[in-house]
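Visitor: Just structure-v8.txt, nothing more (compact mmCIF, C-alpha atoms):
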# COMPACT_ATOMS: atom_id res chain seq x y z
CA MET A 1050 189.81 79.20 57.78
CA SER A 1051 186.20 78.17 57.16
CA ASP A 1052 186.89 74.93 59.04
CA LEU A 1053 188.01 76.96 62.04
CA PHE A 1054 184.88 79.10 61.78
CA SER A 1055 182.66 75.99 61.68
CA LEU A 1056 184.49 74.46 64.60
CA VAL A 1057 184.13 77.56 66.78
CA ALA A 1058 180.48 78.17 65.89
CA ILE A 1059 179.39 74.56 66.35
CA CYS A 1060 181.28 74.24 69.64
CA ALA A 1061 179.59 77.43 70.88
CA GLY A 1062 176.23 75.99 69.78
CA VAL A 1063 176.91 72.75 71.60
CA PHE A 1064 177.79 74.77 74.71
CA PHE A 1065 174.36 76.45 74.61
CA PHE A 1066 172.65 73.07 74.18
CA PHE A 1067 174.65 71.74 77.12
CA ALA A 1068 173.81 74.75 79.28
CA GLY A 1069 170.14 74.54 78.29
CA THR A 1070 170.02 70.85 79.18
CA VAL A 1071 171.68 71.45 82.53
CA GLY A 1072 169.11 74.18 83.17
CA LEU A 1073 166.25 71.87 82.15
CA LEU A 1074 167.45 69.30 84.66
CA ARG A 1075 168.47 71.61 87.50
CA PHE A 1076 166.13 74.62 87.52
CA PRO A 1077 163.42 74.58 90.19
CA ASP A 1078 160.16 75.27 88.30
CA SER A 1079 158.59 74.99 84.86
CA LEU A 1080 158.96 78.65 83.88
CA THR A 1081 162.70 78.78 84.53
CA ARG A 1082 163.15 75.41 82.83
CA LEU A 1083 161.27 76.80 79.81
CA HIS A 1084 163.66 79.77 79.82
CA ALA A 1085 166.69 77.47 79.80
CA LEU A 1086 165.27 75.34 77.02
CA SER A 1087 164.49 78.27 74.70
CA LYS A 1088 168.14 79.40 74.95
CA ALA A 1089 169.28 75.98 73.75
CA ASP A 1090 166.73 75.94 70.92
CA ASN A 1091 167.30 79.44 69.63
CA LEU A 1092 170.97 80.31 70.17
CA GLY A 1093 172.35 76.75 70.23
CA LEU A 1094 170.66 75.68 66.98
CA GLY A 1095 171.41 79.07 65.43
CA LEU A 1096 175.14 78.73 66.10
CA VAL A 1097 175.20 75.12 64.85
CA VAL A 1098 173.44 76.26 61.64
CA LEU A 1099 175.89 79.15 61.31
CA GLY A 1100 178.77 76.71 61.57
CA LEU A 1101 177.24 74.38 58.99
CA ILE A 1102 176.57 77.07 56.37
CA PRO A 1103 180.17 77.18 54.99
CA ARG A 1104 180.06 73.39 54.72
CA ALA A 1105 176.83 73.29 52.65
CA ASP A 1106 177.27 72.00 49.09
CA THR A 1107 175.07 74.57 47.38
CA PRO A 1108 173.63 77.98 48.33
CA LEU A 1109 170.20 76.32 48.26
CA ALA A 1110 171.30 73.80 50.89
CA ALA A 1111 172.60 76.67 53.04
CA LEU A 1112 169.26 78.44 52.65
CA LYS A 1113 167.45 75.27 53.74
CA LEU A 1114 169.57 75.19 56.90
CA VAL A 1115 168.58 78.78 57.68
CA VAL A 1116 164.90 77.92 57.05
CA VAL A 1117 165.19 74.99 59.49
CA TRP A 1118 166.51 77.38 62.12
CA ALA A 1119 163.80 79.98 61.40
CA LEU A 1120 161.07 77.33 61.71
CA ALA A 1121 162.55 76.11 65.00
CA LEU A 1122 162.59 79.74 66.22
CA VAL A 1123 158.95 80.35 65.32
CA SER A 1124 157.62 77.12 66.76
CA GLY A 1125 159.90 77.25 69.82
CA ALA A 1126 158.90 80.80 70.72
CA SER A 1127 155.18 80.10 70.18
CA THR A 1128 155.12 76.86 72.16
CA ALA A 1129 157.07 78.50 74.99
CA GLN A 1130 154.37 81.20 75.10
CA LEU A 1131 151.61 78.60 75.07
CA ILE A 1132 153.19 76.52 77.83
CA GLY A 1133 153.88 79.64 79.89
CA ARG A 1134 150.26 80.82 79.61
CA ALA A 1135 148.94 77.35 80.45
CA LEU A 1136 151.15 77.42 83.57
CA ARG A 1137 149.89 80.85 84.61
CA ARG A 1138 146.29 79.70 84.18
CA GLY A 1139 147.04 76.62 86.26
CA ARG A 1140 148.48 78.72 89.11
CA LYS A 1141 145.49 81.06 89.44
CA MET B 274 184.94 52.10 69.17
CA SER B 275 184.53 54.92 66.68
CA VAL B 276 182.51 58.01 67.54
CA LEU B 277 179.63 57.07 65.22
CA ALA B 278 179.38 53.56 66.66
CA ALA B 279 179.27 55.02 70.16
CA LEU B 280 176.53 57.44 69.05
CA ASP B 281 174.55 54.56 67.54
CA LEU B 282 174.87 52.54 70.72
CA GLY B 283 173.75 55.54 72.77
CA LEU B 284 170.79 56.09 70.43
CA ALA B 285 169.75 52.44 70.67
CA LEU B 286 169.95 52.48 74.48
CA LEU B 287 167.99 55.74 74.55
CA VAL B 288 165.22 54.26 72.35
CA VAL B 289 164.90 51.20 74.61
CA GLY B 290 165.00 53.40 77.71
CA VAL B 291 162.30 55.79 76.46
CA ALA B 292 160.16 52.81 75.35
CA ALA B 293 160.42 51.21 78.80
CA TRP B 294 159.63 54.55 80.46
CA THR B 295 156.59 55.05 78.20
CA VAL B 296 155.20 51.62 79.01
CA SER B 297 155.74 52.01 82.76
CA ALA B 298 154.53 55.64 83.07
CA ARG B 299 151.50 55.80 85.40
CA ASN B 300 150.22 59.10 84.05
CA LEU B 301 148.43 58.99 80.69
CA PHE B 302 149.76 62.35 79.48
CA ALA B 303 153.33 61.47 80.48
CA ALA B 304 153.02 58.20 78.53
CA VAL B 305 151.85 60.12 75.44
CA VAL B 306 154.79 62.54 75.71
CA GLY B 307 157.12 59.55 76.09
CA TYR B 308 155.61 57.98 72.99
CA VAL B 309 156.15 61.14 70.92
CA ALA B 310 159.79 61.32 72.07
CA TYR B 311 160.11 57.62 71.17
CA GLY B 312 158.77 58.38 67.67
CA LEU B 313 161.29 61.18 67.13
CA LEU B 314 164.17 59.00 68.36
CA LEU B 315 163.03 56.23 66.00
CA ALA B 316 163.18 58.75 63.15
CA LEU B 317 166.84 59.35 64.06
CA VAL B 318 167.41 55.59 64.08
CA TRP B 319 166.01 55.37 60.55
CA VAL B 320 168.33 58.16 59.44
CA ARG B 321 171.27 56.19 60.84
CA LEU B 322 170.01 53.11 58.94
CA TYR B 323 170.18 55.15 55.70
CA ALA B 324 166.40 55.12 55.30
CA PRO B 325 165.50 58.84 55.12
CA ASP B 326 162.12 58.06 53.52
CA VAL B 327 161.06 55.99 56.52
CA ALA B 328 162.58 58.58 58.87
CA LEU B 329 160.43 61.34 57.34
CA THR B 330 157.30 59.22 57.70
CA GLU B 331 158.15 58.25 61.27
CA ALA B 332 158.80 61.86 62.27
CA ALA B 333 155.57 63.10 60.68
CA VAL B 334 153.32 60.25 61.79
CA GLY B 335 154.95 58.76 64.89
CA GLY B 336 156.12 62.07 66.31
CA GLY B 337 153.44 64.42 65.03
CA VAL B 338 150.04 63.10 64.00
CA THR B 339 149.91 60.18 66.44
CA GLY B 340 150.94 62.53 69.25
CA VAL B 341 148.00 64.86 68.60
CA LEU B 342 145.68 61.87 68.19
CA LEU B 343 146.79 60.37 71.54
CA VAL B 344 146.65 63.70 73.43
CA THR B 345 143.09 64.26 72.15
CA ALA B 346 142.08 60.69 72.97
CA GLY B 347 143.65 61.05 76.43
CA LYS B 348 141.60 64.18 77.12
CA ARG B 349 138.40 62.40 76.13
CA LEU B 350 139.35 59.44 78.34
CA ASP B 351 139.91 61.83 81.26
CA ALA B 352 136.47 63.33 80.72
CA LEU B 353 135.00 59.81 80.69
CA ALA B 354 136.90 58.71 83.78
CA SER B 355 135.47 61.57 85.86
CA ALA B 356 131.96 60.71 84.65
CA GLU B 357 131.98 56.98 85.41
CA ILE B 358 134.53 55.16 87.49
CA GLY B 359 134.64 51.49 86.57
CA ALA B 360 135.79 48.82 89.01
CA PRO B 361 139.57 48.24 88.82
CA PRO B 362 140.46 44.92 87.17
CA GLY B 363 140.86 41.99 89.58
CA ARG B 364 144.16 40.18 90.20
CA GLY B 365 143.17 37.22 88.00
CA LEU B 366 142.48 39.49 85.03
CA LYS B 367 145.77 41.36 85.55
CA ILE B 368 147.77 38.11 85.61
CA PHE B 369 145.91 36.87 82.52
CA ALA B 370 146.62 40.09 80.62
CA GLY B 371 150.28 39.99 81.69
CA ALA B 372 150.60 36.36 80.57
CA LEU B 373 149.06 37.17 77.17
CA ALA B 374 151.42 40.12 76.69
CA ALA B 375 154.41 37.97 77.67
CA LEU B 376 153.27 35.28 75.22
CA VAL B 377 153.06 37.74 72.33
CA ALA B 378 156.42 39.32 73.20
CA GLY B 379 157.99 35.84 73.54
CA ALA B 380 156.59 34.69 70.19
CA LEU B 381 157.89 37.85 68.50
CA ALA B 382 161.32 37.44 70.10
CA TRP B 383 161.41 33.78 68.99
CA VAL B 384 160.55 34.71 65.40
CA VAL B 385 163.25 37.40 65.34
CA LEU B 386 165.87 35.10 66.85
CA THR B 387 165.15 32.22 64.45
CA LEU B 388 165.30 34.32 61.26
CA PRO B 389 167.55 32.70 58.66
CA SER B 390 170.96 34.36 58.54
CA THR B 391 170.46 35.37 54.91
CA PRO B 392 166.82 36.45 54.97
CA PRO B 393 164.71 35.75 51.88
CA SER B 394 164.76 39.03 50.02
CA LEU B 395 162.61 40.53 47.32
CA ALA B 396 165.10 43.38 46.91
CA PRO B 397 166.61 42.23 43.57
CA ALA B 398 163.15 41.68 42.09
CA ALA B 399 162.00 45.02 43.42
CA ALA B 400 165.07 46.81 42.08
CA GLU B 401 164.45 45.25 38.69
CA ALA B 402 160.80 46.26 38.76
CA ALA B 403 161.72 49.77 39.84
CA SER B 404 164.07 50.20 36.92
CA GLY B 405 161.41 48.78 34.59
CA PRO B 406 157.93 50.27 34.74
CA GLY B 407 158.98 52.90 37.28
CA ALA B 408 161.76 54.07 35.01
CA GLY B 409 162.41 57.78 35.12
CA LEU B 410 162.01 57.99 38.88
CA GLY B 411 165.26 58.81 40.67
CA ASN B 412 163.91 57.60 44.01
CA PRO B 413 163.76 53.78 43.94
CA ILE B 414 161.53 53.75 47.02
CA THR B 415 158.76 55.70 45.32
CA ALA B 416 159.15 53.49 42.24
CA VAL B 417 158.82 50.33 44.35
CA LEU B 418 155.84 51.71 46.30
CA ILE B 419 153.88 52.74 43.24
CA SER B 420 154.86 50.17 40.65
CA TYR B 421 156.20 47.05 42.39
CA ARG B 422 153.99 47.17 45.49
CA SER B 423 151.18 49.18 43.93
CA PHE B 424 148.36 47.06 45.32
CA ASP B 425 149.68 47.34 48.91
CA THR B 426 150.13 51.08 48.57
CA MET B 427 146.59 51.53 47.31
CA LEU B 428 145.09 49.33 50.04
CA GLU B 429 146.99 51.28 52.71
CA LYS B 430 145.03 54.36 51.72
CA VAL B 431 141.79 52.33 51.73
CA VAL B 432 142.61 51.32 55.31
CA LEU B 433 142.99 55.01 56.16
CA ILE B 434 139.50 55.72 54.77
CA LEU B 435 138.09 52.75 56.71
CA ALA B 436 139.65 54.19 59.88
CA VAL B 437 137.97 57.55 59.25
CA LEU B 438 134.64 55.75 58.69
CA GLY B 439 135.21 53.86 61.94
CA VAL B 440 135.77 57.11 63.85
CA TRP B 441 132.68 58.68 62.28
CA SER B 442 130.52 55.70 63.14
CA VAL B 443 131.28 56.16 66.86
CA GLY B 444 129.29 59.41 66.92
CA ALA B 445 125.66 59.57 68.06
CA ASP B 446 122.96 58.85 65.48
CA ALA B 447 121.54 62.37 65.75
CA ALA B 448 124.97 63.86 64.99
CA TRP B 449 125.45 62.03 61.68
CA GLY B 450 126.37 64.40 58.90
CA ARG B 451 127.47 67.21 61.22
CA ALA B 452 130.98 68.50 61.76
CA PRO B 453 133.34 67.08 64.43
CA ALA B 454 133.86 69.22 67.52
CA PRO B 455 136.59 71.87 67.14
CA LEU B 456 140.00 70.78 68.40
CA ARG B 457 140.48 73.51 71.00
CA LYS B 458 138.68 75.90 73.27
CA PRO B 459 136.62 78.74 71.70
CA GLU B 460 139.27 81.46 72.11
CA PRO B 461 142.77 80.25 71.28
CA ASP B 462 145.83 82.13 72.56
CA GLY B 463 147.34 84.84 70.38
CA ALA B 464 150.54 82.81 70.21
CA MET B 465 148.66 79.84 68.74
CA ILE B 466 147.03 82.02 66.08
CA LEU B 467 150.37 83.63 65.18
CA LEU B 468 152.03 80.21 64.98
CA ALA B 469 149.32 78.93 62.64
CA GLN B 470 149.47 82.03 60.47
CA VAL B 471 153.26 81.91 60.13
CA LEU B 472 153.79 78.15 60.04
CA ALA B 473 150.88 76.95 57.88
CA PRO B 474 151.88 78.69 54.60
CA VAL B 475 155.51 77.60 54.97
CA GLY B 476 154.45 74.07 55.94
CA LEU B 477 152.11 73.93 52.95
CA LEU B 478 154.99 74.80 50.63
CA ILE B 479 157.36 72.28 52.27
CA GLY B 480 154.69 69.57 52.16
CA LEU B 481 154.13 70.06 48.42
CA HIS B 482 157.91 70.22 47.91
CA ILE B 483 158.43 66.91 49.73
CA PHE B 484 155.73 65.29 47.58
CA TRP B 485 157.25 66.70 44.38
CA VAL B 486 160.89 65.78 45.10
CA GLY B 487 159.66 62.33 46.24
CA ALA B 488 159.99 61.19 42.63
CA ASP B 489 163.75 61.73 42.66
CA ALA B 490 164.84 62.11 46.30
CA PRO B 491 163.66 61.03 49.76
CA GLY B 492 160.07 62.13 50.22
CA GLY B 493 156.79 61.22 48.57
CA ALA B 494 153.03 61.25 48.82
CA PHE B 495 152.70 60.01 52.38
CA GLN B 496 155.36 62.26 53.90
CA GLY B 497 154.11 65.33 52.01
CA GLY B 498 150.47 64.51 52.78
CA ALA B 499 151.22 64.03 56.47
CA LEU B 500 152.90 67.44 56.60
CA LEU B 501 149.90 69.08 54.89
CA ALA B 502 147.64 67.28 57.36
CA ALA B 503 149.69 68.64 60.27
CA MET B 504 149.33 72.18 58.91
CA GLY B 505 145.56 71.64 58.66
CA MET B 506 145.52 70.55 62.30
CA VAL B 507 147.53 73.61 63.39
CA ALA B 508 145.05 75.85 61.55
CA MET B 509 142.13 74.02 63.21
CA MET B 510 143.70 74.36 66.67
CA ALA B 511 144.04 78.12 66.13
CA ARG B 512 140.40 78.18 65.02
CA LEU B 513 141.43 79.65 61.67
CA MET B 514 139.66 76.70 60.09
CA ALA B 515 136.73 74.64 61.31
CA PRO B 516 136.45 70.88 60.74
CA PRO B 517 134.09 70.33 57.77
CA ARG B 518 130.72 68.61 58.05
CA ILE B 519 131.16 64.92 57.40
CA ASP B 520 128.36 64.86 54.84
CA SER B 521 130.18 67.44 52.74
CA ARG B 522 130.57 66.14 49.21
CA LYS B 523 133.93 67.87 48.75
CA LEU B 524 135.32 66.21 51.88
CA ARG B 525 134.17 62.77 50.80
CA LEU B 526 135.50 63.22 47.27
CA ALA B 527 138.87 64.31 48.66
CA LEU B 528 138.96 61.26 50.95
CA VAL B 529 138.41 58.72 48.19
CA ALA B 530 140.31 60.60 45.45
CA GLY B 531 143.69 58.89 46.04
CA PRO B 532 142.66 55.22 46.03
CA ALA B 533 139.98 55.85 43.36
CA VAL B 534 142.42 57.44 40.90
CA PHE B 535 144.98 54.73 41.69
CA LEU B 536 142.40 52.01 41.00
CA VAL B 537 141.21 53.60 37.75
CA VAL B 538 144.80 53.99 36.48
CA GLY B 539 145.56 50.44 37.64
CA VAL B 540 142.61 48.99 35.74
CA ALA B 541 143.49 51.09 32.70
CA GLY B 542 146.92 49.45 32.89
CA LEU B 543 145.17 46.14 32.21
CA MET B 544 144.20 47.41 28.78
CA LEU B 545 147.12 49.71 27.96
CA ALA B 546 150.11 47.84 29.36
CA GLY B 547 148.98 44.25 29.55
CA HIS B 548 148.27 43.66 33.22
CA LEU B 549 146.69 45.16 36.32
CA PHE B 550 148.62 48.11 37.82
CA ALA B 551 151.12 48.14 34.96
CA TYR B 552 152.04 51.50 33.48
CA PRO B 553 152.88 52.18 29.83
CA GLN B 554 156.69 52.18 29.66
CA ASN B 555 157.46 55.73 28.53
CA PHE B 556 154.53 57.34 30.32
CA ALA B 557 155.26 55.91 33.77
CA LYS B 558 156.66 58.94 35.54
CA PRO B 559 153.87 61.46 34.80
CA LEU B 560 151.32 58.76 35.59
CA ILE B 561 152.93 57.98 38.94
CA LEU B 562 153.09 61.66 39.88
CA PHE B 563 149.43 62.00 38.83
CA ILE B 564 148.41 59.16 41.16
CA GLU B 565 150.57 60.51 43.97
CA ALA B 566 149.04 63.98 43.71
CA PHE B 567 145.61 62.55 44.52
CA MET B 568 147.13 60.38 47.26
CA VAL B 569 148.49 63.55 48.86
CA VAL B 570 144.99 65.04 48.90
CA SER B 571 143.48 61.93 50.49
CA ILE B 572 146.17 61.67 53.16
CA ALA B 573 146.08 65.38 53.93
CA VAL B 574 142.32 65.15 54.49
CA ALA B 575 142.09 61.72 56.19
CA LEU B 576 144.61 62.38 58.99
CA PRO B 577 143.01 65.58 60.36
CA MET B 578 139.57 63.92 60.15
CA LEU B 579 140.94 61.00 62.22
CA VAL B 580 142.22 63.46 64.83
CA SER B 581 139.02 65.56 64.81
CA GLY B 582 136.99 62.56 65.94
CA PRO B 583 133.34 61.65 65.48
CA PRO B 584 130.70 64.22 64.47
CA ASP B 585 129.53 66.32 67.38
CA GLY B 586 125.79 66.37 68.24
CA GLY B 587 125.87 69.17 70.77
CA ALA B 588 124.96 72.19 68.66
CA LYS B 589 125.03 75.12 71.06
Can the structure from this file be put into structure tokens for me?
Guide:
Amino acid sequence: MSDLFSLVAICAGVFFFFAGTVGLLRFPDSLTRLHALSKADNLGLGLVVLGLIPRADTPLAALKLVVVWALALVSGASTAQLIGRALRRGRK
Amino acid sequence: MSVLAALDLGLALLVVGVAAWTVSARNLFAAVVGYVAYGLLLALVWVRLYAPDVALTEAAVGGGVTGVLLVTAGKRLDALASAEIGAPPGRGLKIFAGALAALVAGALAWVVLTLPSTPPSLAPAAAEAASGPGAGLGNPITAVLISYRSFDTMLEKVVLILAVLGVWSVGADAAWGRAPAPLRKPEPDGAMILLAQVLAPVGLLIGLHIFWVGADAPGGAFQGGALLAAMGMVAMMARLMAPPRIDSRKLRLALVAGPAVFLVVGVAGLMLAGHLFAYPQNFAKPLILFIEAFMVVSIAVALPMLVSGPPDGGAK
């Protein structure tokens, strides 16, 4: 049962990474590419972490996985903001 | 071919590809980004080679600190290039430089290809040493670094201090003693400030944790110190913290603390345990952690000072 859960969650995460990568390669400008990338970072990694939690040896290891995801969320969202603002400044 | 072998092959090809792209990139910034990606991929390679300690160092230094250092250096180079445009190198010089590079690469390749099939190894001696004076440490790598290769480890930190001195000495005479220029423009974005406020406390905790578990698990003084240094840089970029004046006594004490404590303990070993850099048998672990704690301080201070650059004369 937990194996099935992991399988589904990780596959869904991999799908978001795949979609994000396709977007990164195919979208026309930096802002849309940024949008595609943040989906991969946030949802993709989140789902992979969710799938890995039942497989963690200890509750502490599971907590570490969640912390990894939270840190990726914080830094991903902030850097996306910074890149977006730098782009807007460059366009003016 | 199994899945893992295919992944390894893909990783290896990717590393070579990114390296080639980095070398051939015409744009300085693109080359820096390529180099950072190369550092992160190398960290993955180290993980696959079952060397998580090296992977941590490579990710923190190759991917993080060096990236910031190169981006900052690139900006300064750009500013220089618009001020004075030197003559492009002539064809003769280009061919000469190419030949030299090919010679070095060829010599390296020859050395690698002619390595004996069973390389001379110090591993058994190191393992023995690690289980001797470094006894009590669960992480053999930390034990080897601090007890078997103690002199190398100490001199590495001395090299770091020399590098900081080198950077400082580039500054103008009038600027000596002042603080380096801040890393970013006067008013950083709100997102940068938020990132620093959220990330720095967590990073501080993780850095100390990595240093502390380094005694028994992958981690250690360098990895932990590099993480603390990165948090310092994030805080400086958000202008939450200003680079200190280089004549500050606290700064200088922090810089030399690691190697100085290491040297003092090493010399004390001459009297207490019989020879230089030997630790008393049943007191080894606390002593090693004591040395490492000061190493963390030195590394955490030296790396941001390297990135901050020479003292700035232009007081506005």
Visitor: Find the residues of chain B that sit at most 12 Å from chain A; for each, write down the nearest two atoms and how far apart they are in Å, to one decimal. Count all atoms listed in the file. Sort by chain, then by number going up, and give it as JSON lines.
Guide:
{"residue": "B:Pro461", "atom": "CA", "partner": "A:Leu1131", "partner_atom": "CA", "distance": 9.8}
{"residue": "B:Asp462", "atom": "CA", "partner": "A:Leu1131", "partner_atom": "CA", "distance": 7.2}
{"residue": "B:Gly463", "atom": "CA", "partner": "A:Leu1131", "partner_atom": "CA", "distance": 8.9}
{"residue": "B:Ala464", "atom": "CA", "partner": "A:Ser1127", "partner_atom": "CA", "distance": 5.4}
{"residue": "B:Met465", "atom": "CA", "partner": "A:Ser1127", "partner_atom": "CA", "distance": 6.7}
{"residue": "B:Ile466", "atom": "CA", "partner": "A:Ser1127", "partner_atom": "CA", "distance": 9.3}
{"residue": "B:Leu467", "atom": "CA", "partner": "A:Ser1127", "partner_atom": "CA", "distance": 7.8}
{"residue": "B:Leu468", "atom": "CA", "partner": "A:Ser1127", "partner_atom": "CA", "distance": 6.1}
{"residue": "B:Ala469", "atom": "CA", "partner": "A:Ser1124", "partner_atom": "CA", "distance": 9.4}
{"residue": "B:Gln470", "atom": "CA", "partner": "A:Val1123", "partner_atom": "CA", "distance": 10.8}
{"residue": "B:Val471", "atom": "CA", "partner": "A:Val1123", "partner_atom": "CA", "distance": 7.9}
{"residue": "B:Leu472", "atom": "CA", "partner": "A:Leu1120", "partner_atom": "CA", "distance": 7.5}
{"residue": "B:Ala473", "atom": "CA", "partner": "A:Leu1120", "partner_atom": "CA", "distance": 10.9}
{"residue": "B:Pro474", "atom": "CA", "partner": "A:Leu1120", "partner_atom": "CA", "distance": 11.7}
{"residue": "B:Val475", "atom": "CA", "partner": "A:Leu1120", "partner_atom": "CA", "distance": 8.7}
{"residue": "B:Gly476", "atom": "CA", "partner": "A:Leu1120", "partner_atom": "CA", "distance": 9.4}
{"residue": "B:Ile479", "atom": "CA", "partner": "A:Val1116", "partner_atom": "CA", "distance": 10.6}
{"residue": "B:Val507", "atom": "CA", "partner": "A:Ser1124", "partner_atom": "CA", "distance": 11.2}
{"residue": "B:Ala511", "atom": "CA", "partner": "A:Leu1131", "partner_atom": "CA", "distance": 11.7}
Visitor: I'd like the contact shell of Ala530 of chain B - 7 Å cut-off, only C-alpha atoms, skipping same-chain residues fewer than 3 positions apart - returned as a PyMOL selection string.
Guide: chain B and resi 526-527+533-534+567+571
Visitor: Go ahead and write the selection's residues with C-alpha atoms as a PDB file, in the frame of the given file.
Guide:
ATOM      1  CA  LEU B 526     135.500  63.220  47.270  1.00  0.00           C
ATOM      2  CA  ALA B 527     138.870  64.310  48.660  1.00  0.00           C
ATOM      3  CA  ALA B 533     139.980  55.850  43.360  1.00  0.00           C
ATOM      4  CA  VAL B 534     142.420  57.440  40.900  1.00  0.00           C
ATOM      5  CA  PHE B 567     145.610  62.550  44.520  1.00  0.00           C
ATOM      6  CA  SER B 571     143.480  61.930  50.490  1.00  0.00           C
TER       7      SER B 571
END
Visitor: Need to verify the contact set: Val1063 of chain A, 9 Å, all atoms listed in the file, exclusion of same-chain residues closer than 2 positions in sequence. Can you return it as a list in words?
Guide: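 After dropping sequence-adjacent residues, the list is Ala1058, Ile1059, Cys1060, Ala1061, Phe1065, Phe1066, Phe1067, Ala1068, Ala1089, Gly1093, Leu1094, Leu1096 and Val1097 of chain A.
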Visitor: At what distance in Å, to one decimal, does atom CA of Leu1092 of chain A lie from atom CA of Thr1107 of chain A?
Guide: 23.9 Å
Visitor: Env of segment 1073-1075 of chain A: 10 Å cut, atoms = all atoms listed in the file, seq-sep filter 4 positions within chain, self excluded. Answer as a list in words.
Guide: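 The neighbour list is Phe1067, Ala1068, Gly1069, Ser1079, Thr1081, Arg1082, Leu1083, His1084, Ala1085, Leu1086, Ser1087 and Ala1089 of chain A.
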Visitor: Write out as a list in words each polymer residue whose atoms come within 12 Å of Leu1053 of chain A, counting all atoms listed in the file; drop sequence neighbours fewer than 3 positions from it.
Guide: Met1050, Leu1056, Val1057, Ala1058, Ile1059, Cys1060, Gly1100, Leu1101, Pro1103 and Arg1104 of chain A
Visitor: If we count all atoms listed in the file and set the cut-off at 7 Å, which residues sit around segment 546-555 of chain B, ignoring sequence neighbours fewer than 3 positions away in its own chain? Please answer as a PyMOL selection string.
Guide: chain B and resi 406+423+539-540+542-543
Visitor: Just to confirm, what's the straight-line distance from atom CA of Tyr421 of chain B to atom CA of Ala400 of chain B in Å (one decimal)?
Guide: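 Those two atoms sit 8.9 Å apart.
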Visitor: So how many Å separate atom CA of Ala488 of chain B and atom CA of Val1115 of chain A, to one decimal?
Guide: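 One can read the atom CA of Ala488 of chain B to atom CA of Val1115 of chain A distance as 24.7 Å.
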Visitor: Looking at B:Ile572, B:Met578, B:Val538, B:Leu313, which one is nearest to Val327 of chain B, with distances taken over only C-alpha atoms?
Guide: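 Using only C-alpha atoms, Val327 of chain B sits closest to B:Leu313.
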Visitor: Counting all atoms listed in the file, figure out which residue out of B:Pro453, B:Pro532, B:Gly498, B:Gly336 gets nearest to Leu435 of chain B.
Guide: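 Checking each candidate against Leu435 of chain B, we get B:Pro532 as the closest.
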Visitor: Is it possible to get the axis-aligned box enclosing segment 1083-1093 of chain A (all listed atoms, 8 Å extra per side) as JSON, with centre and edge lengths in Å rounded to one decimal?
Guide:
{"center_x": 166.8, "center_y": 77.8, "center_z": 74.7, "size_x": 27.1, "size_y": 21.0, "size_z": 26.2}
Visitor: Select from segment 329-420 of chain B every residue with an atom at most 12 Å from any atom of segment 290-301 of chain B, then for each give the shortest pair of atoms and their distance in Å to one decimal, using all atoms listed in the file, rows by chain and rising number, as a tab-separated table.
Guide:
residue	atom	partner	partner_atom	distance
B:Leu343	CA	B:Leu301	CA	9.4
B:Val344	CA	B:Leu301	CA	8.8
B:Thr345	CA	B:Leu301	CA	11.4
B:Ala346	CA	B:Leu301	CA	10.1
B:Gly347	CA	B:Leu301	CA	6.7
B:Lys348	CA	B:Leu301	CA	9.3
B:Arg349	CA	B:Leu301	CA	11.5
B:Leu350	CA	B:Leu301	CA	9.4
B:Asp351	CA	B:Leu301	CA	9.0
B:Ala354	CA	B:Leu301	CA	11.9
Visitor: Rank B:Leu353, B:Leu286, B:Val384, B:Ala310 by their smallest atom-to-atom distance to Ala332 of chain B, using only C-alpha atoms, and report the top residue only.
Guide: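 Checking each of B:Leu353, B:Leu286, B:Val384, B:Ala310 against Ala332 of chain B, counting only C-alpha atoms, the winner is B:Ala310.
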Visitor: From the options B:Gly335, B:Gly363, B:Pro584, B:Gly480, which residue's atoms come nearest to Asp520 of chain B, counting only C-alpha atoms?
Guide: B:Pro584
